[in-house]
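*Asks:* Input protein-v5.cif, format and content: mmCIF, C-alpha atoms.
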data_coords
loop_
_atom_site.label_atom_id
_atom_site.label_comp_id
_atom_site.auth_asym_id
_atom_site.auth_seq_id
_atom_site.Cartn_x
_atom_site.Cartn_y
_atom_site.Cartn_z
CA ALA A 22 10.64 13.83 -4.51
CA GLN A 23 10.86 10.14 -4.09
CA SER A 24 9.73 7.62 -6.67
CA VAL A 25 9.77 3.91 -7.27
CA THR A 26 9.99 2.06 -10.56
CA GLN A 27 9.10 -1.58 -10.82
CA LEU A 28 10.39 -3.07 -14.04
CA GLY A 29 7.89 -5.48 -15.51
CA SER A 30 4.22 -5.28 -14.71
CA HIS A 31 3.97 -9.03 -15.19
CA VAL A 32 6.50 -11.74 -14.38
CA SER A 33 5.90 -15.40 -15.06
CA VAL A 34 8.03 -18.21 -13.64
CA SER A 35 7.80 -21.95 -13.36
CA GLU A 36 7.26 -23.59 -10.02
CA GLY A 37 10.65 -24.18 -8.41
CA ALA A 38 12.38 -21.49 -10.47
CA LEU A 39 14.06 -18.36 -9.19
CA VAL A 40 11.83 -15.37 -8.60
CA LEU A 41 13.32 -11.94 -9.32
CA LEU A 42 11.19 -8.83 -9.07
CA ARG A 43 12.95 -5.59 -9.82
CA CYS A 44 12.63 -2.30 -7.99
CA ASN A 45 14.60 0.88 -8.50
CA TYR A 46 14.11 3.98 -6.41
CA SER A 47 14.84 7.62 -6.65
CA SER A 48 15.50 9.52 -3.45
CA SER A 49 17.55 12.51 -2.44
CA VAL A 50 18.29 10.95 0.92
CA PRO A 51 19.02 7.38 1.99
CA PRO A 52 15.58 5.85 1.91
CA TYR A 53 13.69 3.21 3.76
CA LEU A 54 12.42 0.55 1.37
CA PHE A 55 9.63 -1.97 1.56
CA TRP A 56 8.14 -4.88 -0.35
CA TYR A 57 4.48 -5.68 0.06
CA VAL A 58 2.44 -8.55 -1.38
CA GLN A 59 -1.24 -8.40 -2.25
CA TYR A 60 -3.26 -11.56 -2.81
CA PRO A 61 -6.58 -11.31 -4.64
CA ASN A 62 -9.24 -9.55 -2.62
CA GLN A 63 -6.90 -9.07 0.31
CA GLY A 64 -4.96 -6.20 1.83
CA LEU A 65 -1.28 -5.58 1.36
CA GLN A 66 1.01 -7.64 3.57
CA LEU A 67 4.53 -6.57 4.47
CA LEU A 68 7.14 -8.97 3.14
CA LEU A 69 10.23 -7.16 4.31
CA LYS A 70 11.72 -3.74 4.90
CA TYR A 71 15.11 -2.07 4.75
CA THR A 72 15.80 0.63 7.31
CA SER A 73 19.54 1.27 6.95
CA ALA A 74 20.74 -1.77 8.85
CA ALA A 75 21.92 -4.86 6.96
CA THR A 76 21.73 -4.43 3.19
CA LEU A 77 20.46 -7.97 2.70
CA VAL A 78 17.03 -8.21 4.21
CA LYS A 79 15.23 -11.46 4.81
CA GLY A 80 11.46 -11.49 4.89
CA ILE A 81 8.58 -13.85 5.23
CA ASN A 82 7.78 -16.78 2.95
CA GLY A 83 11.41 -17.23 1.91
CA PHE A 84 11.76 -13.85 0.19
CA GLU A 85 14.73 -11.59 0.54
CA ALA A 86 15.90 -8.32 -0.97
CA GLU A 87 19.23 -6.58 -1.23
CA PHE A 88 19.70 -2.84 -0.98
CA LYS A 89 22.28 -1.65 -3.49
CA LYS A 90 22.95 2.03 -3.14
CA SER A 91 25.22 2.20 -6.20
CA GLU A 92 22.46 0.79 -8.36
CA THR A 93 19.58 2.48 -6.46
CA SER A 94 17.93 -0.90 -6.43
CA PHE A 95 16.05 -3.12 -4.01
CA HIS A 96 15.21 -6.23 -5.99
CA LEU A 97 13.14 -8.99 -4.43
CA THR A 98 14.20 -12.60 -4.83
CA LYS A 99 13.15 -16.08 -3.84
CA PRO A 100 15.24 -19.11 -4.77
CA SER A 101 12.35 -21.42 -5.57
CA ALA A 102 8.88 -20.25 -6.54
CA HIS A 103 5.81 -21.89 -5.11
CA MET A 104 2.32 -21.81 -6.53
CA SER A 105 1.18 -19.89 -3.47
CA ASP A 106 3.55 -17.05 -4.38
CA ALA A 107 1.27 -15.97 -7.21
CA ALA A 108 0.17 -12.46 -6.27
CA GLU A 109 0.82 -8.78 -6.89
CA TYR A 110 3.99 -7.35 -5.40
CA PHE A 111 4.57 -3.71 -4.57
CA CYS A 112 7.82 -1.95 -3.81
CA ALA A 113 7.58 1.20 -1.71
CA VAL A 114 9.89 3.91 -0.44
CA SER A 115 9.67 6.18 2.56
CA ASP A 116 11.67 9.24 3.49
CA PRO A 117 13.24 8.56 6.89
CA LYS A 118 13.56 12.28 7.50
CA GLY A 119 10.01 13.01 6.54
CA GLY A 120 8.75 12.54 10.03
CA SER A 121 5.90 10.33 8.98
CA GLU A 122 5.15 6.92 7.72
CA LYS A 123 4.18 8.05 4.23
CA LEU A 124 4.91 5.52 1.57
CA VAL A 125 5.35 5.99 -2.16
CA PHE A 126 4.48 2.84 -4.08
CA GLY A 127 5.55 1.43 -7.39
CA LYS A 128 2.94 0.30 -9.90
CA GLY A 129 3.24 -3.29 -8.84
CA THR A 130 4.35 -6.51 -10.48
CA LYS A 131 1.98 -9.39 -10.95
CA LEU A 132 3.73 -12.70 -10.42
CA THR A 133 2.36 -15.80 -12.11
CA VAL A 134 3.71 -19.21 -11.14
CA ASN A 135 3.22 -21.96 -13.69
CA PRO A 136 3.06 -25.61 -12.69
CA GLY B 29 -1.23 -10.64 13.47
CA ALA B 30 -2.82 -7.24 13.23
CA VAL B 31 -5.96 -7.16 11.13
CA VAL B 32 -7.58 -4.23 9.38
CA SER B 33 -11.05 -4.51 7.92
CA GLN B 34 -12.89 -2.35 5.45
CA HIS B 35 -16.58 -2.10 4.85
CA PRO B 36 -18.11 -2.40 2.37
CA SER B 37 -15.86 -4.43 0.11
CA ARG B 38 -17.80 -3.30 -2.93
CA VAL B 39 -20.27 -0.51 -3.49
CA ILE B 40 -22.15 0.70 -6.52
CA CYS B 41 -23.88 4.04 -6.35
CA LYS B 42 -25.55 6.59 -8.56
CA SER B 43 -23.82 9.78 -9.56
CA GLY B 44 -24.42 12.56 -7.06
CA THR B 45 -24.83 10.37 -4.01
CA SER B 46 -22.43 10.05 -1.09
CA VAL B 47 -20.69 6.88 -0.02
CA LYS B 48 -19.09 6.10 3.32
CA ILE B 49 -16.26 3.60 3.67
CA GLU B 50 -15.19 2.32 7.07
CA CYS B 51 -11.71 1.22 8.08
CA ARG B 52 -11.30 -0.63 11.36
CA SER B 53 -8.29 -1.96 13.20
CA LEU B 54 -9.68 -5.11 14.78
CA ASP B 55 -7.10 -6.09 17.38
CA PHE B 56 -4.98 -3.02 17.94
CA GLN B 57 -5.29 0.70 18.41
CA ALA B 58 -4.19 2.94 15.60
CA THR B 59 -3.50 6.59 16.19
CA THR B 60 -2.73 6.99 12.51
CA MET B 61 -4.54 5.61 9.52
CA PHE B 62 -3.90 6.26 5.85
CA TRP B 63 -6.25 6.33 2.90
CA TYR B 64 -5.03 5.32 -0.54
CA ARG B 65 -6.59 5.20 -3.96
CA GLN B 66 -5.60 2.68 -6.57
CA PHE B 67 -6.53 2.92 -10.24
CA PRO B 68 -6.29 -0.17 -12.45
CA LYS B 69 -2.71 -1.12 -13.20
CA GLN B 70 -1.42 1.85 -11.24
CA SER B 71 0.23 2.54 -7.94
CA LEU B 72 -1.45 3.12 -4.65
CA MET B 73 -1.68 6.87 -4.29
CA LEU B 74 -1.81 8.32 -0.81
CA MET B 75 -4.86 10.52 -0.41
CA ALA B 76 -4.70 11.55 3.22
CA THR B 77 -3.34 10.85 6.65
CA SER B 78 -5.93 10.40 9.35
CA ASN B 79 -5.00 11.06 12.97
CA GLU B 80 -7.33 10.20 15.82
CA GLY B 81 -8.94 13.25 17.29
CA SER B 82 -7.60 15.73 14.78
CA LYS B 83 -8.20 16.85 11.24
CA ALA B 84 -6.90 14.75 8.43
CA THR B 85 -3.92 15.85 6.39
CA TYR B 86 -4.60 15.70 2.68
CA GLU B 87 -2.09 15.19 -0.08
CA GLN B 88 -1.72 17.80 -2.76
CA GLY B 89 -4.47 17.62 -5.33
CA VAL B 90 -6.95 15.76 -3.13
CA GLU B 91 -10.16 17.69 -2.53
CA LYS B 92 -10.86 17.96 1.18
CA ASP B 93 -14.52 18.75 0.70
CA LYS B 94 -15.04 15.82 -1.58
CA PHE B 95 -13.23 13.18 0.44
CA LEU B 96 -14.27 13.65 4.04
CA ILE B 97 -12.24 11.76 6.60
CA ASN B 98 -13.21 11.20 10.19
CA HIS B 99 -11.02 9.38 12.71
CA ALA B 100 -13.32 9.35 15.69
CA SER B 101 -11.71 6.56 17.66
CA LEU B 102 -8.47 4.63 17.86
CA THR B 103 -9.97 1.77 15.87
CA LEU B 104 -12.13 3.48 13.28
CA SER B 105 -11.59 5.88 10.42
CA THR B 106 -14.17 6.67 7.79
CA LEU B 107 -13.85 8.06 4.28
CA THR B 108 -16.94 9.66 2.77
CA VAL B 109 -16.96 10.34 -0.93
CA THR B 110 -19.43 13.18 -1.31
CA SER B 111 -21.43 13.80 -4.47
CA ALA B 112 -19.68 10.93 -6.18
CA HIS B 113 -19.12 11.00 -9.93
CA PRO B 114 -17.96 8.29 -12.34
CA GLU B 115 -14.39 9.58 -12.19
CA ASP B 116 -14.36 8.74 -8.48
CA SER B 117 -14.73 5.07 -9.32
CA SER B 118 -11.65 3.38 -7.96
CA PHE B 119 -10.25 0.99 -5.39
CA TYR B 120 -9.88 2.63 -2.00
CA ILE B 121 -7.48 1.09 0.52
CA CYS B 122 -6.83 2.08 4.10
CA SER B 123 -3.95 1.22 6.37
CA ALA B 124 -3.44 1.53 10.09
CA VAL B 125 -0.23 1.96 11.97
CA ALA B 126 0.33 -0.25 14.97
CA GLY B 127 2.60 1.25 17.55
CA THR B 128 3.70 4.75 18.28
CA GLY B 129 7.18 4.87 16.80
CA TYR B 130 8.14 6.16 13.42
CA LEU B 131 7.88 3.57 10.70
CA ASP B 132 5.95 1.11 12.73
CA THR B 133 4.36 -1.34 10.38
CA GLN B 134 1.37 -0.29 8.32
CA TYR B 135 -1.35 -2.91 8.19
CA PHE B 136 -3.57 -2.68 5.17
CA GLY B 137 -7.24 -3.33 4.74
CA PRO B 138 -8.59 -5.45 1.87
CA GLY B 139 -9.86 -2.43 -0.03
CA THR B 140 -13.23 -1.14 -1.19
CA ARG B 141 -14.20 -1.17 -4.85
CA LEU B 142 -16.33 1.90 -5.61
CA THR B 143 -18.26 2.09 -8.84
CA VAL B 144 -20.20 5.25 -9.60
CA LEU B 145 -22.78 4.95 -12.35
#
Hey, can you dump this file as structure tokens for me?

*Replies:*
Amino acid sequence: AQSVTQLGSHVSVSEGALVLLRCNYSSSVPPYLFWYVQYPNQGLQLLLKYTSAATLVKGINGFEAEFKKSETSFHLTKPSAHMSDAAEYFCAVSDPKGGSEKLVFGKGTKLTVNP
Amino acid sequence: GAVVSQHPSRVICKSGTSVKIECRSLDFQATTMFWYRQFPKQSLMLMATSNEGSKATYEQGVEKDKFLINHASLTLSTLTVTSAHPEDSSFYICSAVAGTGYLDTQYFGPGTRLTVL
């Protein structure tokens, strides 16, 4: 069974500082990996996804994530945080051989950006 | 971009009553929609997969008779919580898949907060 662990339910950074949100996965097969963002009272929005192509994936809003098989990680980064980045971030994994689009989500990390 | 709406955004009901939640894809057709449940400070848990014109596929542990899903058209799926009880209080989120290929992007609705008194 697949699972996702997001280290840190809350992360706080200063505006302009590096954002690093951690995600580790467990999967018996090479997975597909996703990062979603959820703003208050809104649906989840796809930031980026890894589907076995380039290991460094660039997404929207300046975010990127790197798939590291040896570390079973898919951490999300952004060089310089903006106030508008404050939101909840979810990492998710999907089994590419599962024949469906089912996603398994982590518990989420709430990002706070301080002025 | 693709937009998914949910209605209502919030609902409060008495124990024993039924509540219907609608999920609509506003500008695209979705042959597949998903229903998730999210408890406070927890992950989104997939409840069921809804396919247009066929019966929903429920995840293990989800009661089919309690959570009725109907996907009557390519733009609408409904989740009915029957005989709701306080333990059913949660945040329900739907998503719709745009496209027909595997792993086409899921677009999520804003969620429905259900409170059962």

*Asks:* Starting from the displayed file, determine the output of the PyMOL selection byres ((chain A) within 6 of (chain B)) and express the residue list as a ChimeraX atom specification.

*Replies:* /A:63-65,122,126-128

*Asks:* Hey, what's within 6 Å of region 100-103 of chain A if we count only C-alpha atoms and toss same-chain stuff fewer than 4 positions away? As an mmCIF file with C-alpha atoms, in the frame of the given file, please?

*Replies:*
data_model
loop_
_atom_site.group_PDB
_atom_site.id
_atom_site.type_symbol
_atom_site.label_atom_id
_atom_site.label_comp_id
_atom_site.auth_asym_id
_atom_site.auth_seq_id
_atom_site.Cartn_x
_atom_site.Cartn_y
_atom_site.Cartn_z
ATOM 1 C CA GLU A 36 7.260 -23.590 -10.020
ATOM 2 C CA GLY A 37 10.650 -24.180 -8.410
ATOM 3 C CA ALA A 38 12.380 -21.490 -10.470
ATOM 4 C CA LEU A 39 14.060 -18.360 -9.190
#

*Asks:* Excluding Met104 (chain A) and any residue of its chain fewer than 3 positions from it, enumerate the residues within 8 Å of it, using all atoms listed in the file, and give them as JSON, numbers by chain.

*Replies:* {"A": [36, 107, 134, 135, 136]}

*Asks:* One decimal, Å: what's the distance from CA of Cys112 (chain A) over to CA of Thr85 (chain B), could you say?

*Replies:*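 Computed distance, CA of Cys112 (chain A) to CA of Thr85 (chain B), equals 23.6 Å.
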
*Asks:* For the file shown, report as a PyMOL selection string the outcome of the PyMOL selection byres ((chain A and resi 133) around 9) at residue level.

*Replies:* chain A and resi 31-35+104+106-109+131-132+134-135

*Asks:* Filtering to C-alpha atoms, could you give me those residues as a compact mmCIF listing (two decimals), in the frame of the given file?

*Replies:*
# COMPACT_ATOMS: atom_id res chain seq x y z
CA HIS A 31 3.97 -9.03 -15.19
CA VAL A 32 6.50 -11.74 -14.38
CA SER A 33 5.90 -15.40 -15.06
CA VAL A 34 8.03 -18.21 -13.64
CA SER A 35 7.80 -21.95 -13.36
CA MET A 104 2.32 -21.81 -6.53
CA ASP A 106 3.55 -17.05 -4.38
CA ALA A 107 1.27 -15.97 -7.21
CA ALA A 108 0.17 -12.46 -6.27
CA GLU A 109 0.82 -8.78 -6.89
CA LYS A 131 1.98 -9.39 -10.95
CA LEU A 132 3.73 -12.70 -10.42
CA VAL A 134 3.71 -19.21 -11.14
CA ASN A 135 3.22 -21.96 -13.69

*Asks:* When you count only C-alpha atoms, which of these residues is closest to Cys51 (chain B): B:Lys83, B:Arg65, B:Lys92, B:His99?

*Replies:*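 For Cys51 (chain B), the nearest of the given residues is B:His99.
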
*Asks:* Can you turn the PyMOL selection byres ((chain A and resi 57) around 9) into a concrete residue list for this file, as a JSON list (two decimals) with C-alpha atoms, in the frame of the given file?

*Replies:*
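Below is the file selection37.json, written as the result:
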[["chain", "number", "residue", "atom", "x", "y", "z"],
["A", 55, "PHE", "CA", 9.63, -1.97, 1.56],
["A", 56, "TRP", "CA", 8.14, -4.88, -0.35],
["A", 58, "VAL", "CA", 2.44, -8.55, -1.38],
["A", 59, "GLN", "CA", -1.24, -8.40, -2.25],
["A", 65, "LEU", "CA", -1.28, -5.58, 1.36],
["A", 66, "GLN", "CA", 1.01, -7.64, 3.57],
["A", 67, "LEU", "CA", 4.53, -6.57, 4.47],
["A", 68, "LEU", "CA", 7.14, -8.97, 3.14],
["A", 69, "LEU", "CA", 10.23, -7.16, 4.31],
["A", 70, "LYS", "CA", 11.72, -3.74, 4.90],
["A", 109, "GLU", "CA", 0.82, -8.78, -6.89],
["A", 110, "TYR", "CA", 3.99, -7.35, -5.40],
["A", 111, "PHE", "CA", 4.57, -3.71, -4.57],
["A", 112, "CYS", "CA", 7.82, -1.95, -3.81],
["A", 113, "ALA", "CA", 7.58, 1.20, -1.71]]

*Asks:* Which residue is closest to Cys44 (chain A)? Choose from A:Ser94, A:Ser30, A:Ser105, A:Thr130 and count all atoms listed in the file.

*Replies:*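 Selected residue with least distance to Cys44 (chain A): A:Ser94.
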
*Asks:* Could you check how far CA of Val47 (chain B) sits from CA of Glu91 (chain B), in Å to one decimal?

*Replies:* 15.3 Å

*Asks:* CA of Ala86 (chain A) to CA of Thr98 (chain A): how many Å, to one decimal?

*Replies:* 6.0 Å

*Asks:* Taking only C-alpha atoms into account, which of A:Val50, A:Leu124, A:Val114, A:Ala22 comes nearest Phe95 (chain A)?

*Replies:*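 So, comparing all the options, the nearest one is A:Val114.
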
*Asks:* Can you tell me which residues surround Val109 (chain B) at a distance of at most 8 Å, considering only C-alpha atoms, apart from same-chain residues fewer than 5 positions away, and format the answer as JSON, numbers by chain?

*Replies:* {"B": [46, 47, 48, 94, 95, 96]}

*Asks:* Can you work out which one of A:Val40, A:Ser48, A:Lys99, A:Ser115 has the shortest atom-to-atom distance to Val78 (chain A), counting only C-alpha atoms?

*Replies:* A:Lys99

*Asks:* Would you fill the gaps in region 94-114 of chain A so it has N, CA, C and O atoms, then print it as a short mmCIF file (atom, residue, chain, number, x, y, z; two decimals), keeping the file's coordinate frame?

*Replies:*
data_model
loop_
_atom_site.label_atom_id
_atom_site.label_comp_id
_atom_site.auth_asym_id
_atom_site.auth_seq_id
_atom_site.Cartn_x
_atom_site.Cartn_y
_atom_site.Cartn_z
N SER A 94 18.85 0.21 -6.22
CA SER A 94 17.93 -0.90 -6.43
C SER A 94 17.61 -1.61 -5.13
O SER A 94 18.36 -1.54 -4.15
N PHE A 95 16.50 -2.32 -5.16
CA PHE A 95 16.05 -3.12 -4.01
C PHE A 95 15.23 -4.27 -4.58
O PHE A 95 14.04 -4.38 -4.37
N HIS A 96 15.89 -5.13 -5.31
CA HIS A 96 15.21 -6.23 -5.99
C HIS A 96 14.82 -7.33 -5.01
O HIS A 96 15.56 -7.66 -4.08
N LEU A 97 13.69 -7.92 -5.28
CA LEU A 97 13.14 -8.99 -4.43
C LEU A 97 13.42 -10.34 -5.07
O LEU A 97 13.20 -10.50 -6.28
N THR A 98 13.91 -11.27 -4.29
CA THR A 98 14.20 -12.60 -4.83
C THR A 98 13.68 -13.70 -3.92
O THR A 98 13.47 -13.49 -2.73
N LYS A 99 13.48 -14.85 -4.56
CA LYS A 99 13.15 -16.08 -3.84
C LYS A 99 13.75 -17.22 -4.64
O LYS A 99 13.52 -17.29 -5.85
N PRO A 100 14.52 -18.09 -4.02
CA PRO A 100 15.24 -19.11 -4.77
C PRO A 100 14.34 -20.07 -5.55
O PRO A 100 14.67 -20.49 -6.65
N SER A 101 13.20 -20.40 -4.96
CA SER A 101 12.35 -21.42 -5.57
C SER A 101 10.89 -21.01 -5.44
O SER A 101 10.34 -20.96 -4.33
N ALA A 102 10.26 -20.72 -6.56
CA ALA A 102 8.88 -20.25 -6.54
C ALA A 102 7.91 -21.37 -6.18
O ALA A 102 8.07 -22.53 -6.58
N HIS A 103 6.89 -20.97 -5.46
CA HIS A 103 5.81 -21.89 -5.11
C HIS A 103 4.52 -21.35 -5.69
O HIS A 103 4.37 -20.14 -5.87
N MET A 104 3.60 -22.25 -5.95
CA MET A 104 2.32 -21.81 -6.53
C MET A 104 1.65 -20.74 -5.67
O MET A 104 1.00 -19.82 -6.19
N SER A 105 1.82 -20.84 -4.37
CA SER A 105 1.18 -19.89 -3.47
C SER A 105 1.81 -18.49 -3.53
O SER A 105 1.29 -17.56 -2.92
N ASP A 106 2.91 -18.36 -4.25
CA ASP A 106 3.55 -17.05 -4.38
C ASP A 106 2.87 -16.17 -5.42
O ASP A 106 3.18 -14.98 -5.54
N ALA A 107 1.97 -16.74 -6.18
CA ALA A 107 1.27 -15.97 -7.21
C ALA A 107 0.45 -14.86 -6.56
O ALA A 107 -0.44 -15.12 -5.74
N ALA A 108 0.80 -13.63 -6.90
CA ALA A 108 0.17 -12.46 -6.27
C ALA A 108 0.71 -11.21 -6.94
O ALA A 108 1.51 -11.28 -7.87
N GLU A 109 0.28 -10.06 -6.42
CA GLU A 109 0.82 -8.78 -6.89
C GLU A 109 1.80 -8.29 -5.84
O GLU A 109 1.54 -8.35 -4.64
N TYR A 110 2.94 -7.81 -6.30
CA TYR A 110 3.99 -7.35 -5.40
C TYR A 110 4.27 -5.87 -5.62
O TYR A 110 4.41 -5.42 -6.75
N PHE A 111 4.35 -5.14 -4.51
CA PHE A 111 4.57 -3.71 -4.57
C PHE A 111 5.84 -3.34 -3.82
O PHE A 111 6.04 -3.76 -2.67
N CYS A 112 6.65 -2.54 -4.46
CA CYS A 112 7.82 -1.95 -3.81
C CYS A 112 7.43 -0.54 -3.36
O CYS A 112 6.67 0.15 -4.06
N ALA A 113 7.93 -0.12 -2.22
CA ALA A 113 7.58 1.20 -1.71
C ALA A 113 8.79 1.84 -1.04
O ALA A 113 9.68 1.15 -0.53
N VAL A 114 8.80 3.16 -1.03
CA VAL A 114 9.89 3.91 -0.44
C VAL A 114 9.33 4.93 0.53
O VAL A 114 8.23 5.45 0.33
#
